[in-house]
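Dropping entry_26.txt in here (compact mmCIF, C-alpha atoms and all ligand atoms):
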```txt
# COMPACT_ATOMS: atom_id res chain seq x y z
CA MET A 1308 112.03 95.31 109.08
CA ALA A 1309 113.23 97.11 105.99
CA GLY A 1310 111.57 94.59 103.65
CA GLY A 1311 113.78 95.49 100.75
CA GLN A 1312 113.21 99.24 101.02
CA PRO A 1313 116.10 101.54 101.84
CA ILE A 1314 116.19 102.33 105.54
CA SER A 1315 118.03 105.17 107.18
CA MET A 1316 120.35 104.63 110.08
CA LYS A 1317 118.53 107.40 111.91
CA ASN A 1318 115.26 105.53 111.58
CA LEU A 1319 116.84 102.28 112.73
CA LYS A 1320 118.36 103.97 115.80
CA GLU A 1321 114.93 105.35 116.69
CA VAL A 1322 113.34 101.91 116.30
CA ARG A 1323 116.11 100.46 118.50
CA ALA A 1324 115.55 103.05 121.22
CA TYR A 1325 111.81 102.48 121.14
CA THR A 1326 111.88 98.66 121.13
CA SER A 1327 114.51 98.56 123.88
CA LYS A 1328 112.09 100.36 126.19
CA PHE A 1329 109.61 97.50 125.83
CA GLY A 1330 112.08 94.62 125.57
CA ILE A 1331 111.09 93.93 121.94
CA ARG A 1332 113.62 92.20 119.70
CA ILE A 1333 114.55 93.52 116.28
CA ILE A 1334 115.06 90.74 113.77
CA HIS A 1335 116.57 92.19 110.64
CA ASP A 1336 115.60 90.85 107.22
CA MET A 1337 119.05 91.44 105.76
CA THR A 1338 118.26 89.97 102.34
CA ARG A 1339 119.02 93.29 100.67
CA VAL A 1340 121.39 94.73 103.24
CA ALA A 1341 124.18 95.58 100.79
CA GLU A 1342 121.84 97.71 98.68
CA ASN A 1343 120.41 99.37 101.77
CA ALA A 1344 123.92 100.09 103.05
CA PHE A 1345 124.78 101.64 99.69
CA PHE A 1346 121.78 103.98 99.88
CA ILE A 1347 122.75 104.99 103.41
CA GLN A 1348 126.28 105.70 102.17
CA GLN A 1349 124.99 107.77 99.25
CA ARG A 1350 122.13 109.60 100.91
CA GLU A 1351 122.55 109.85 104.65
CA LYS A 1352 124.55 112.63 106.28
CA GLY A 1353 127.75 111.41 107.91
CA TYR A 1354 128.04 108.12 106.00
CA ASN A 1355 129.67 109.03 102.69
CA LYS A 1356 133.16 108.22 103.97
CA LYS A 1357 132.16 104.93 105.62
CA SER A 1358 132.66 101.63 103.85
CA LEU A 1359 129.69 99.36 103.13
CA ARG A 1360 131.10 96.87 105.63
CA GLU A 1361 131.15 99.47 108.38
CA ILE A 1362 127.59 100.45 107.59
CA VAL A 1363 126.36 96.82 107.59
CA LYS A 1364 128.14 96.24 110.91
CA GLU A 1365 126.51 99.32 112.36
CA ILE A 1366 123.05 98.18 111.17
CA CYS A 1367 123.63 94.79 112.78
CA SER A 1368 124.78 96.41 116.04
CA TYR A 1369 121.24 97.78 116.52
CA THR A 1370 119.52 94.43 115.95
CA ASP A 1371 119.13 91.21 117.91
CA GLY A 1372 119.14 88.79 115.03
CA ALA A 1373 118.77 88.47 111.30
CA THR A 1374 117.48 86.32 108.49
CA MET A 1375 118.82 86.33 104.98
CA SER A 1376 117.66 84.90 101.69
CA ALA A 1377 121.16 84.68 100.25
CA LYS A 1378 119.86 84.43 96.67
CA LYS A 1379 119.66 88.22 96.63
CA ASP A 1380 122.47 90.36 98.00
CA ALA A 1381 124.74 87.39 98.84
CA LEU A 1382 124.93 86.55 95.13
CA VAL A 1383 124.31 82.78 95.31
CA ASN A 1384 121.89 80.45 93.58
CA ILE A 1385 120.34 79.03 96.70
CA GLY A 1386 120.41 79.18 100.47
CA GLY A 1387 120.09 81.52 103.37
CA PHE A 1388 120.62 81.74 107.09
CA MET A 1389 119.35 83.05 110.37
CA ALA A 1390 121.58 84.65 112.98
CA THR A 1391 120.94 85.54 116.58
CA ASN A 1392 122.80 87.23 119.42
CA GLU A 1393 121.01 85.11 122.03
CA TRP A 1394 122.49 81.79 123.04
CA SER A 1395 119.16 80.28 124.14
CA VAL A 1396 117.53 81.14 120.79
CA PHE A 1397 120.57 79.75 118.98
CA GLU A 1398 120.34 76.45 120.88
CA GLU A 1399 116.64 76.10 120.12
CA ALA A 1400 117.22 76.88 116.42
CA ARG A 1401 120.18 74.51 116.25
CA ASN A 1402 117.96 71.74 117.54
CA LEU A 1403 115.04 72.56 115.21
CA VAL A 1404 117.24 72.65 112.14
CA VAL A 1405 117.97 68.92 112.55
CA ILE A 1406 114.26 68.20 112.19
CA TYR A 1407 113.58 70.46 109.22
CA GLU A 1408 116.81 70.84 107.26
CA GLY A 1409 119.74 68.70 108.40
CA LEU A 1410 122.58 68.91 110.87
CA HIS A 1411 123.43 72.44 112.04
CA THR A 1412 126.89 72.27 110.48
CA TYR A 1413 125.34 72.54 107.04
CA GLY A 1414 121.67 73.39 107.71
CA GLY A 1415 120.38 71.64 104.62
CA LEU A 1416 122.92 73.22 102.31
CA ALA A 1417 125.84 71.62 100.50
CA GLY A 1418 129.26 72.72 101.76
CA ARG A 1419 130.09 74.31 98.42
CA ASP A 1420 126.90 76.41 98.57
CA MET A 1421 127.88 77.68 102.00
CA GLU A 1422 131.34 78.51 100.72
CA ALA A 1423 129.87 80.35 97.73
CA MET A 1424 127.68 82.29 100.14
CA ALA A 1425 130.66 83.34 102.25
CA ILE A 1426 132.40 84.63 99.11
CA GLY A 1427 129.16 86.24 97.92
CA ILE A 1428 128.81 88.18 101.17
CA GLU A 1429 132.37 89.50 100.75
CA GLU A 1430 131.84 90.47 97.11
CA SER A 1431 128.44 92.02 97.69
CA LEU A 1432 130.05 94.62 99.93
CA SER A 1433 132.49 95.87 97.34
CA ASP A 1434 131.71 99.40 96.23
CA SER A 1435 132.33 98.63 92.57
CA HIS A 1436 129.95 95.65 92.57
CA ILE A 1437 127.10 97.43 94.29
CA SER A 1438 127.41 100.66 92.33
CA ALA A 1439 127.40 98.71 89.04
CA ARG A 1440 124.40 96.71 90.24
CA ILE A 1441 122.37 99.70 91.34
CA GLY A 1442 123.61 101.63 88.30
CA GLN A 1443 122.05 99.02 86.03
CA VAL A 1444 118.70 99.30 87.79
CA GLU A 1445 118.95 103.08 87.55
CA TYR A 1446 119.74 102.83 83.84
CA LEU A 1447 116.53 100.86 83.25
CA GLY A 1448 114.49 103.24 85.42
CA ASN A 1449 115.78 106.30 83.57
CA LYS A 1450 115.01 104.68 80.19
CA MET A 1451 111.47 104.06 81.33
CA ILE A 1452 111.15 107.66 82.55
CA GLU A 1453 112.39 108.85 79.12
CA PHE A 1454 109.62 106.80 77.50
CA GLY A 1455 107.02 108.39 79.79
CA ILE A 1456 106.30 105.20 81.77
CA PRO A 1457 104.88 105.95 85.23
CA ILE A 1458 107.30 104.43 87.75
CA VAL A 1459 107.81 104.75 91.48
CA LYS A 1460 110.51 107.31 92.36
CA PRO A 1461 113.18 107.46 93.56
CA ILE A 1462 114.47 104.42 91.66
CA GLY A 1463 115.30 101.62 94.10
CA GLY A 1464 118.16 99.14 94.33
CA HIS A 1465 116.82 95.84 93.04
CA GLY A 1466 114.15 96.69 90.53
CA ILE A 1467 111.73 99.14 88.98
CA PHE A 1468 108.13 99.40 90.12
CA VAL A 1469 105.71 100.45 87.39
CA ASP A 1470 102.50 102.13 88.53
CA ALA A 1471 99.82 100.02 86.82
CA LYS A 1472 96.94 102.24 87.99
CA ALA A 1473 98.50 105.19 86.16
CA PHE A 1474 99.45 103.01 83.19
CA LEU A 1475 95.97 101.47 82.77
CA PRO A 1476 93.64 104.02 84.41
CA HIS A 1477 90.59 102.61 82.59
CA LEU A 1478 90.79 99.27 84.47
CA THR A 1479 89.08 98.71 87.83
CA GLN A 1480 90.98 96.82 90.52
CA ASP A 1481 88.71 93.82 89.89
CA GLN A 1482 90.23 93.67 86.41
CA PHE A 1483 93.69 93.27 88.00
CA PRO A 1484 95.64 96.14 86.38
CA ALA A 1485 99.08 95.09 87.63
CA GLN A 1486 98.51 91.43 86.75
CA THR A 1487 97.26 92.52 83.32
CA LEU A 1488 100.32 94.65 82.72
CA ALA A 1489 102.66 91.86 83.81
CA ALA A 1490 100.93 89.50 81.35
CA GLU A 1491 101.08 92.04 78.49
CA VAL A 1492 104.83 92.55 78.96
CA TYR A 1493 105.33 88.79 79.00
CA LEU A 1494 103.33 88.38 75.79
CA ASP A 1495 105.29 91.18 74.16
CA SER A 1496 108.83 90.08 74.99
CA GLY A 1497 108.90 87.06 77.34
CA VAL A 1498 110.16 89.31 80.15
CA ARG A 1499 108.82 88.02 83.46
CA THR A 1500 107.77 90.52 86.10
CA MET A 1501 105.75 90.34 89.29
CA GLU A 1502 102.34 91.64 90.30
CA ARG A 1503 102.23 93.64 93.53
CA GLY A 1504 98.61 94.64 93.83
CA VAL A 1505 95.23 93.12 94.56
CA VAL A 1506 96.36 89.56 93.69
CA SER A 1507 99.36 89.78 96.03
CA ALA A 1508 97.27 91.38 98.78
CA GLY A 1509 95.02 88.28 99.01
CA ARG A 1510 91.79 87.93 100.95
CA LYS A 1511 90.60 89.00 104.38
CA ALA A 1512 89.30 86.54 106.97
CA ASP A 1513 85.75 87.11 105.65
CA GLY A 1514 86.84 86.00 102.16
CA LYS A 1515 86.67 89.46 100.55
CA ASN A 1516 89.63 90.78 98.60
CA TYR A 1517 91.95 93.37 100.08
CA TYR A 1518 92.09 96.36 97.74
CA PRO A 1519 95.53 97.92 98.25
CA LYS A 1520 96.11 101.54 97.31
CA LEU A 1521 98.93 100.61 94.95
CA GLU A 1522 98.88 98.37 91.87
CA LEU A 1523 102.53 97.90 90.97
CA VAL A 1524 104.48 95.67 88.60
CA ARG A 1525 107.94 94.84 89.87
CA PHE A 1526 110.69 94.51 87.28
CA THR A 1527 113.27 92.80 89.48
CA ILE A 1528 116.75 92.56 88.00
CA PRO A 1529 118.84 89.49 88.86
CA ARG A 1530 122.46 90.23 89.66
CA ARG A 1531 125.31 89.60 87.25
CA VAL A 1532 123.03 88.11 84.62
CA TYR A 1533 122.05 90.86 82.21
CA THR A 1534 123.82 93.47 80.11
CA GLN A 1535 122.69 97.04 79.48
CA ALA A 1536 121.43 95.81 76.08
CA HIS A 1537 118.98 93.56 77.94
CA MET A 1538 117.82 96.64 79.87
CA ASP A 1539 117.11 98.32 76.51
CA VAL A 1540 114.98 95.33 75.44
CA ILE A 1541 112.95 95.54 78.67
CA ALA A 1542 112.41 99.30 78.32
CA GLU A 1543 111.42 98.94 74.67
CA SER A 1544 108.97 96.17 75.57
CA ILE A 1545 107.18 98.19 78.26
CA TYR A 1546 107.10 101.12 75.83
CA SER A 1547 105.45 99.04 73.11
CA VAL A 1548 102.81 97.94 75.62
CA TYR A 1549 102.43 101.59 76.67
CA LEU A 1550 101.68 102.64 73.10
CA LYS A 1551 98.67 100.29 72.95
CA ARG A 1552 97.58 100.75 76.57
CA ASN A 1553 94.11 102.11 75.70
CA LYS A 1554 93.17 98.84 74.00
CA ILE A 1555 94.17 96.61 76.94
CA LYS A 1556 91.16 94.99 78.58
CA GLY A 1557 92.19 93.34 81.83
CA VAL A 1558 92.09 89.76 83.06
CA LYS A 1559 89.94 87.51 85.23
CA MET A 1560 91.20 84.96 87.72
CA ILE A 1561 90.31 81.41 86.67
CA TYR A 1562 92.27 79.49 89.30
CA GLU A 1563 93.08 80.60 92.81
CA PRO A 1564 95.17 78.52 95.20
CA LYS A 1565 94.46 78.68 98.92
CA TYR A 1566 97.75 80.24 100.00
CA LEU A 1567 99.90 83.02 98.53
CA ARG A 1568 97.78 83.14 95.40
CA PHE A 1569 100.16 85.46 93.53
CA PHE A 1570 102.58 82.59 92.98
CA GLN A 1571 100.22 80.15 91.27
CA ALA A 1572 96.94 81.81 90.29
CA ARG A 1573 95.93 81.60 86.63
CA PHE A 1574 94.25 84.27 84.56
CA GLU A 1575 92.39 84.68 81.29
CA GLN A 1576 92.28 87.80 79.14
CA LEU A 1577 88.92 89.58 79.12
CA LYS A 1578 87.39 89.85 75.65
C1 LIG A 1601 113.68 91.55 101.58
C2 LIG A 1601 113.31 90.13 101.18
N1 LIG A 1601 113.29 89.15 102.11
C3 LIG A 1601 112.95 87.88 101.78
C4 LIG A 1601 112.63 87.52 100.49
C5 LIG A 1601 112.21 86.09 100.21
O1 LIG A 1601 113.20 85.29 99.75
P1 LIG A 1601 112.97 83.71 99.45
O2 LIG A 1601 112.12 83.63 98.25
O3 LIG A 1601 114.33 83.14 99.24
O4 LIG A 1601 112.29 83.15 100.67
C6 LIG A 1601 112.64 88.50 99.49
C7 LIG A 1601 112.29 88.16 98.10
O5 LIG A 1601 112.25 88.95 97.20
C8 LIG A 1601 113.00 89.83 99.84
O6 LIG A 1601 113.02 90.82 98.92
```

Represent the structure from my file as structure tokens, please.
Ligand SMILES: Cc1ncc(COP(=O)(O)O)c(C=O)c1O
Amino acid sequence: MAGGQPISMKNLKEVRAYTSKFGIRIIHDMTRVAENAFFIQQREKGYNKKSLREIVKEICSYTDGATMSAKKDALVNIGGFMATNEWSVFEEARNLVVIYEGLHTYGGLAGRDMEAMAIGIEESLSDSHISARIGQVEYLGNKMIEFGIPIVKPIGGHGIFVDAKAFLPHLTQDQFPAQTLAAEVYLDSGVRTMERGVVSAGRKADGKNYYPKLELVRFTIPRRVYTQAHMDVIAESIYSVYLKRNKIKGVKMIYEPKYLRFFQARFEQLK
């Protein structure tokens, strides 16, 4: 659920009402819950006086469990957790964690990492932190818009998505427009981005590629790492690639791993 995109409380309530009818659990991917809560506070009627904590608590009240990759909104270097409201599920998970991670008291994490996570969760729900965080992403998005770069709107909470099909309209999807654009930005400035297009979509059971409608490049901004001056460098880099976009030829895949190819595939520039 949510998958990093802003949800509305209204939508979540509807999903809860629907799933309850059929006895279906809602397991919340709360990796980006602080950002989502912020958008609810800013955009949804009736929430502008509620604190982020209250909003997160309300989201959780409509769900049966949650998972979190704490490297994102919980502000830590490593770690995550799962949570459940059901005792039987908890007992099963507590037993499984011994096999895969370590004793349930630390779940494969060092005590100091768990402590950092607890502090990170607190800090991530402070209005000043989250508005500065999302403000930085917005700053980058607005710079790109000023330069005429086609991006997905409205600007989101954790990164900017550049529309590679609009950026490189002369490339076919078999020439991997989003992968090409990610490589060009890296060559220009060393800025690392992420393909979200045909490479990420992978193959169907019959071995043929999925051809998703969107070819996007995700400029994901780590928290508390960069200054606004870094945002300027990123915007200037994508702009310099934009100026020579007509000469960009695309790439071909020269190595494809069996699983989740977008992490490890290798490409060569077309001549
Ligand atoms: C919403 C969401 N959930 C889960 C993950 C995966 O996190 P990890 O790489 O720690 O498994 C991501 C990564 O970007 C994410 O955005």

- Using only C-alpha atoms, which residues sit within 12 Å of Ser1438 (chain A) once same-chain residues fewer than 2 positions away are excluded, as a PyMOL selection string? chain A and resi 1341-1346+1348-1349+1359+1431-1436+1440-1446+1464-1465+1530

Would you save the residues of that selection, restricted to C-alpha atoms, as a PDB file, keeping the file's coordinate frame?
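As a result, result.pdb now contains:
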```pdb
ATOM      1  CA  ALA A1341     124.180  95.580 100.790  1.00  0.00           C
ATOM      2  CA  GLU A1342     121.840  97.710  98.680  1.00  0.00           C
ATOM      3  CA  ASN A1343     120.410  99.370 101.770  1.00  0.00           C
ATOM      4  CA  ALA A1344     123.920 100.090 103.050  1.00  0.00           C
ATOM      5  CA  PHE A1345     124.780 101.640  99.690  1.00  0.00           C
ATOM      6  CA  PHE A1346     121.780 103.980  99.880  1.00  0.00           C
ATOM      7  CA  GLN A1348     126.280 105.700 102.170  1.00  0.00           C
ATOM      8  CA  GLN A1349     124.990 107.770  99.250  1.00  0.00           C
ATOM      9  CA  LEU A1359     129.690  99.360 103.130  1.00  0.00           C
ATOM     10  CA  SER A1431     128.440  92.020  97.690  1.00  0.00           C
ATOM     11  CA  LEU A1432     130.050  94.620  99.930  1.00  0.00           C
ATOM     12  CA  SER A1433     132.490  95.870  97.340  1.00  0.00           C
ATOM     13  CA  ASP A1434     131.710  99.400  96.230  1.00  0.00           C
ATOM     14  CA  SER A1435     132.330  98.630  92.570  1.00  0.00           C
ATOM     15  CA  HIS A1436     129.950  95.650  92.570  1.00  0.00           C
ATOM     16  CA  ARG A1440     124.400  96.710  90.240  1.00  0.00           C
ATOM     17  CA  ILE A1441     122.370  99.700  91.340  1.00  0.00           C
ATOM     18  CA  GLY A1442     123.610 101.630  88.300  1.00  0.00           C
ATOM     19  CA  GLN A1443     122.050  99.020  86.030  1.00  0.00           C
ATOM     20  CA  VAL A1444     118.700  99.300  87.790  1.00  0.00           C
ATOM     21  CA  GLU A1445     118.950 103.080  87.550  1.00  0.00           C
ATOM     22  CA  TYR A1446     119.740 102.830  83.840  1.00  0.00           C
ATOM     23  CA  GLY A1464     118.160  99.140  94.330  1.00  0.00           C
ATOM     24  CA  HIS A1465     116.820  95.840  93.040  1.00  0.00           C
ATOM     25  CA  ARG A1530     122.460  90.230  89.660  1.00  0.00           C
TER      26      ARG A1530
END
```

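Distances from A:Ala1536, A:Ala1542, A:Val1558, A:Ile1426 to Leu1488 (chain A) were compared using only C-alpha atoms, and the smallest one belongs to A:Val1558.
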
Listing only residues of chain A within 12 Å of ligand LIG 1601 (chain A), what is the closest atom pair and its distance in Å (to one decimal) for each, using only C-alpha atoms and all ligand atoms, sorted by chain and residue number ascending, as JSON lines?
```
{"residue": "A:Met1308", "atom": "CA", "partner": "A:LIG1601", "partner_atom": "C1", "distance": 8.6}
{"residue": "A:Ala1309", "atom": "CA", "partner": "A:LIG1601", "partner_atom": "C1", "distance": 7.1}
{"residue": "A:Gly1310", "atom": "CA", "partner": "A:LIG1601", "partner_atom": "C1", "distance": 4.2}
{"residue": "A:Gly1311", "atom": "CA", "partner": "A:LIG1601", "partner_atom": "C1", "distance": 4.0}
{"residue": "A:Gln1312", "atom": "CA", "partner": "A:LIG1601", "partner_atom": "C1", "distance": 7.7}
{"residue": "A:Pro1313", "atom": "CA", "partner": "A:LIG1601", "partner_atom": "C1", "distance": 10.3}
{"residue": "A:Ile1314", "atom": "CA", "partner": "A:LIG1601", "partner_atom": "C1", "distance": 11.8}
{"residue": "A:Ile1334", "atom": "CA", "partner": "A:LIG1601", "partner_atom": "N1", "distance": 11.9}
{"residue": "A:His1335", "atom": "CA", "partner": "A:LIG1601", "partner_atom": "C1", "distance": 9.5}
{"residue": "A:Asp1336", "atom": "CA", "partner": "A:LIG1601", "partner_atom": "N1", "distance": 5.9}
{"residue": "A:Met1337", "atom": "CA", "partner": "A:LIG1601", "partner_atom": "C1", "distance": 6.8}
{"residue": "A:Thr1338", "atom": "CA", "partner": "A:LIG1601", "partner_atom": "C1", "distance": 4.9}
{"residue": "A:Arg1339", "atom": "CA", "partner": "A:LIG1601", "partner_atom": "C1", "distance": 5.7}
{"residue": "A:Val1340", "atom": "CA", "partner": "A:LIG1601", "partner_atom": "C1", "distance": 8.5}
{"residue": "A:Ala1341", "atom": "CA", "partner": "A:LIG1601", "partner_atom": "C1", "distance": 11.3}
{"residue": "A:Glu1342", "atom": "CA", "partner": "A:LIG1601", "partner_atom": "C1", "distance": 10.6}
{"residue": "A:Asn1343", "atom": "CA", "partner": "A:LIG1601", "partner_atom": "C1", "distance": 10.3}
{"residue": "A:Ala1373", "atom": "CA", "partner": "A:LIG1601", "partner_atom": "N1", "distance": 10.7}
{"residue": "A:Thr1374", "atom": "CA", "partner": "A:LIG1601", "partner_atom": "N1", "distance": 8.1}
{"residue": "A:Met1375", "atom": "CA", "partner": "A:LIG1601", "partner_atom": "N1", "distance": 6.8}
{"residue": "A:Ser1376", "atom": "CA", "partner": "A:LIG1601", "partner_atom": "O3", "distance": 4.5}
{"residue": "A:Ala1377", "atom": "CA", "partner": "A:LIG1601", "partner_atom": "O3", "distance": 7.1}
{"residue": "A:Lys1378", "atom": "CA", "partner": "A:LIG1601", "partner_atom": "O3", "distance": 6.2}
{"residue": "A:Lys1379", "atom": "CA", "partner": "A:LIG1601", "partner_atom": "O5", "distance": 7.5}
{"residue": "A:Asp1380", "atom": "CA", "partner": "A:LIG1601", "partner_atom": "O6", "distance": 9.5}
{"residue": "A:Ala1381", "atom": "CA", "partner": "A:LIG1601", "partner_atom": "O3", "distance": 11.3}
{"residue": "A:Leu1382", "atom": "CA", "partner": "A:LIG1601", "partner_atom": "O3", "distance": 11.9}
{"residue": "A:Val1383", "atom": "CA", "partner": "A:LIG1601", "partner_atom": "O3", "distance": 10.7}
{"residue": "A:Asn1384", "atom": "CA", "partner": "A:LIG1601", "partner_atom": "O3", "distance": 9.8}
{"residue": "A:Ile1385", "atom": "CA", "partner": "A:LIG1601", "partner_atom": "O3", "distance": 7.7}
{"residue": "A:Gly1386", "atom": "CA", "partner": "A:LIG1601", "partner_atom": "O3", "distance": 7.4}
{"residue": "A:Gly1387", "atom": "CA", "partner": "A:LIG1601", "partner_atom": "O3", "distance": 7.3}
{"residue": "A:Phe1388", "atom": "CA", "partner": "A:LIG1601", "partner_atom": "O3", "distance": 10.2}
{"residue": "A:Met1389", "atom": "CA", "partner": "A:LIG1601", "partner_atom": "C3", "distance": 11.8}
{"residue": "A:Gly1464", "atom": "CA", "partner": "A:LIG1601", "partner_atom": "O6", "distance": 10.8}
{"residue": "A:His1465", "atom": "CA", "partner": "A:LIG1601", "partner_atom": "O6", "distance": 8.6}
{"residue": "A:Gly1466", "atom": "CA", "partner": "A:LIG1601", "partner_atom": "O6", "distance": 10.3}
{"residue": "A:Met1501", "atom": "CA", "partner": "A:LIG1601", "partner_atom": "O5", "distance": 10.3}
{"residue": "A:Arg1503", "atom": "CA", "partner": "A:LIG1601", "partner_atom": "O5", "distance": 11.7}
{"residue": "A:Arg1525", "atom": "CA", "partner": "A:LIG1601", "partner_atom": "O5", "distance": 10.3}
{"residue": "A:Phe1526", "atom": "CA", "partner": "A:LIG1601", "partner_atom": "O5", "distance": 11.5}
{"residue": "A:Thr1527", "atom": "CA", "partner": "A:LIG1601", "partner_atom": "O5", "distance": 8.7}
{"residue": "A:Ile1528", "atom": "CA", "partner": "A:LIG1601", "partner_atom": "O5", "distance": 10.9}
{"residue": "A:Pro1529", "atom": "CA", "partner": "A:LIG1601", "partner_atom": "O5", "distance": 10.6}
{"residue": "A:Phe1570", "atom": "CA", "partner": "A:LIG1601", "partner_atom": "O2", "distance": 10.9}
```

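Distance check against Ser1368 (chain A) using all atoms listed in the file: of A:Glu1575, A:Met1316, A:Val1404, A:Ile1452, the minimum falls on A:Met1316.
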
- Message: Show me, as a list of chain:residue names, the residues that have an atom within 8 Å of region 1321-1331 of chain A when counting all atoms listed in the file, minus same-chain residues fewer than 4 positions from it.
- Response: A:Lys1317, A:Tyr1369, A:Thr1370

Near Asp1495 (chain A), within 9 Å and counting only C-alpha atoms, which residues show up once chain neighbours fewer than 3 positions away are dropped, as a CSV table (one decimal) with C-alpha atoms, in the coordinates of the input?
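Wrote selection-v2.csv, looks like this:
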```csv
chain,number,residue,atom,x,y,z
A,1490,ALA,CA,100.9,89.5,81.4
A,1491,GLU,CA,101.1,92.0,78.5
A,1492,VAL,CA,104.8,92.6,79.0
A,1498,VAL,CA,110.2,89.3,80.2
A,1544,SER,CA,109.0,96.2,75.6
A,1545,ILE,CA,107.2,98.2,78.3
A,1547,SER,CA,105.4,99.0,73.1
A,1548,VAL,CA,102.8,97.9,75.6
```

Pick out the residues sitting within 10 Å of Leu1523 (chain A), and hand them over as a compact mmCIF listing (two decimals) with C-alpha atoms, in the frame of the given file; count only C-alpha atoms, and ignore anything fewer than 4 positions along from it in its own chain.
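Resulting contents of part-v1.txt:
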```txt
# COMPACT_ATOMS: atom_id res chain seq x y z
CA ILE A 1458 107.30 104.43 87.75
CA VAL A 1459 107.81 104.75 91.48
CA ILE A 1467 111.73 99.14 88.98
CA PHE A 1468 108.13 99.40 90.12
CA VAL A 1469 105.71 100.45 87.39
CA ASP A 1470 102.50 102.13 88.53
CA ALA A 1471 99.82 100.02 86.82
CA LYS A 1472 96.94 102.24 87.99
CA ALA A 1473 98.50 105.19 86.16
CA PHE A 1474 99.45 103.01 83.19
CA PRO A 1484 95.64 96.14 86.38
CA ALA A 1485 99.08 95.09 87.63
CA GLN A 1486 98.51 91.43 86.75
CA LEU A 1488 100.32 94.65 82.72
CA ALA A 1489 102.66 91.86 83.81
CA MET A 1501 105.75 90.34 89.29
CA GLU A 1502 102.34 91.64 90.30
CA ARG A 1503 102.23 93.64 93.53
CA GLY A 1504 98.61 94.64 93.83
CA VAL A 1505 95.23 93.12 94.56
```

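Computed from the coordinates, the CA of Ile1406 (chain A) to CA of Gly1418 (chain A) distance equals 18.8 Å.
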
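Counting from CA of Asn1553 (chain A), the distance to CA of Phe1483 (chain A) is 15.2 Å.
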
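Closest approach to Glu1543 (chain A) from the set A:Gly1509, A:Pro1519, A:Gly1455, A:Gly1414 is made by A:Gly1455, with distances taken over only C-alpha atoms.
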
- List the neighbours of Glu1393 (chain A) out to 10 Å using only C-alpha atoms; skip same-chain residues closer than 4 positions along the sequence, and give me the result as a PyMOL selection string. chain A and resi 1371-1372+1397-1398

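Between CA of Tyr1533 (chain A) and CA of Leu1447 (chain A) lies a distance of 11.5 Å.
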
Please define a box with edges along x, y and z of the file around all atoms of region 1438-1453 of chain A given in the file, extend it by 4 Å on each side, and return its centre and edge lengths in Å to one decimal, as JSON.
```
{"center_x": 119.3, "center_y": 102.8, "center_z": 85.7, "size_x": 24.3, "size_y": 20.1, "size_z": 21.2}
```

- Note on the structure: Counting all atoms listed in the file, the residue among A:Tyr1407, A:Tyr1549, A:Tyr1562, A:Tyr1354 that lies closest to Phe1454 (chain A) is A:Tyr1549
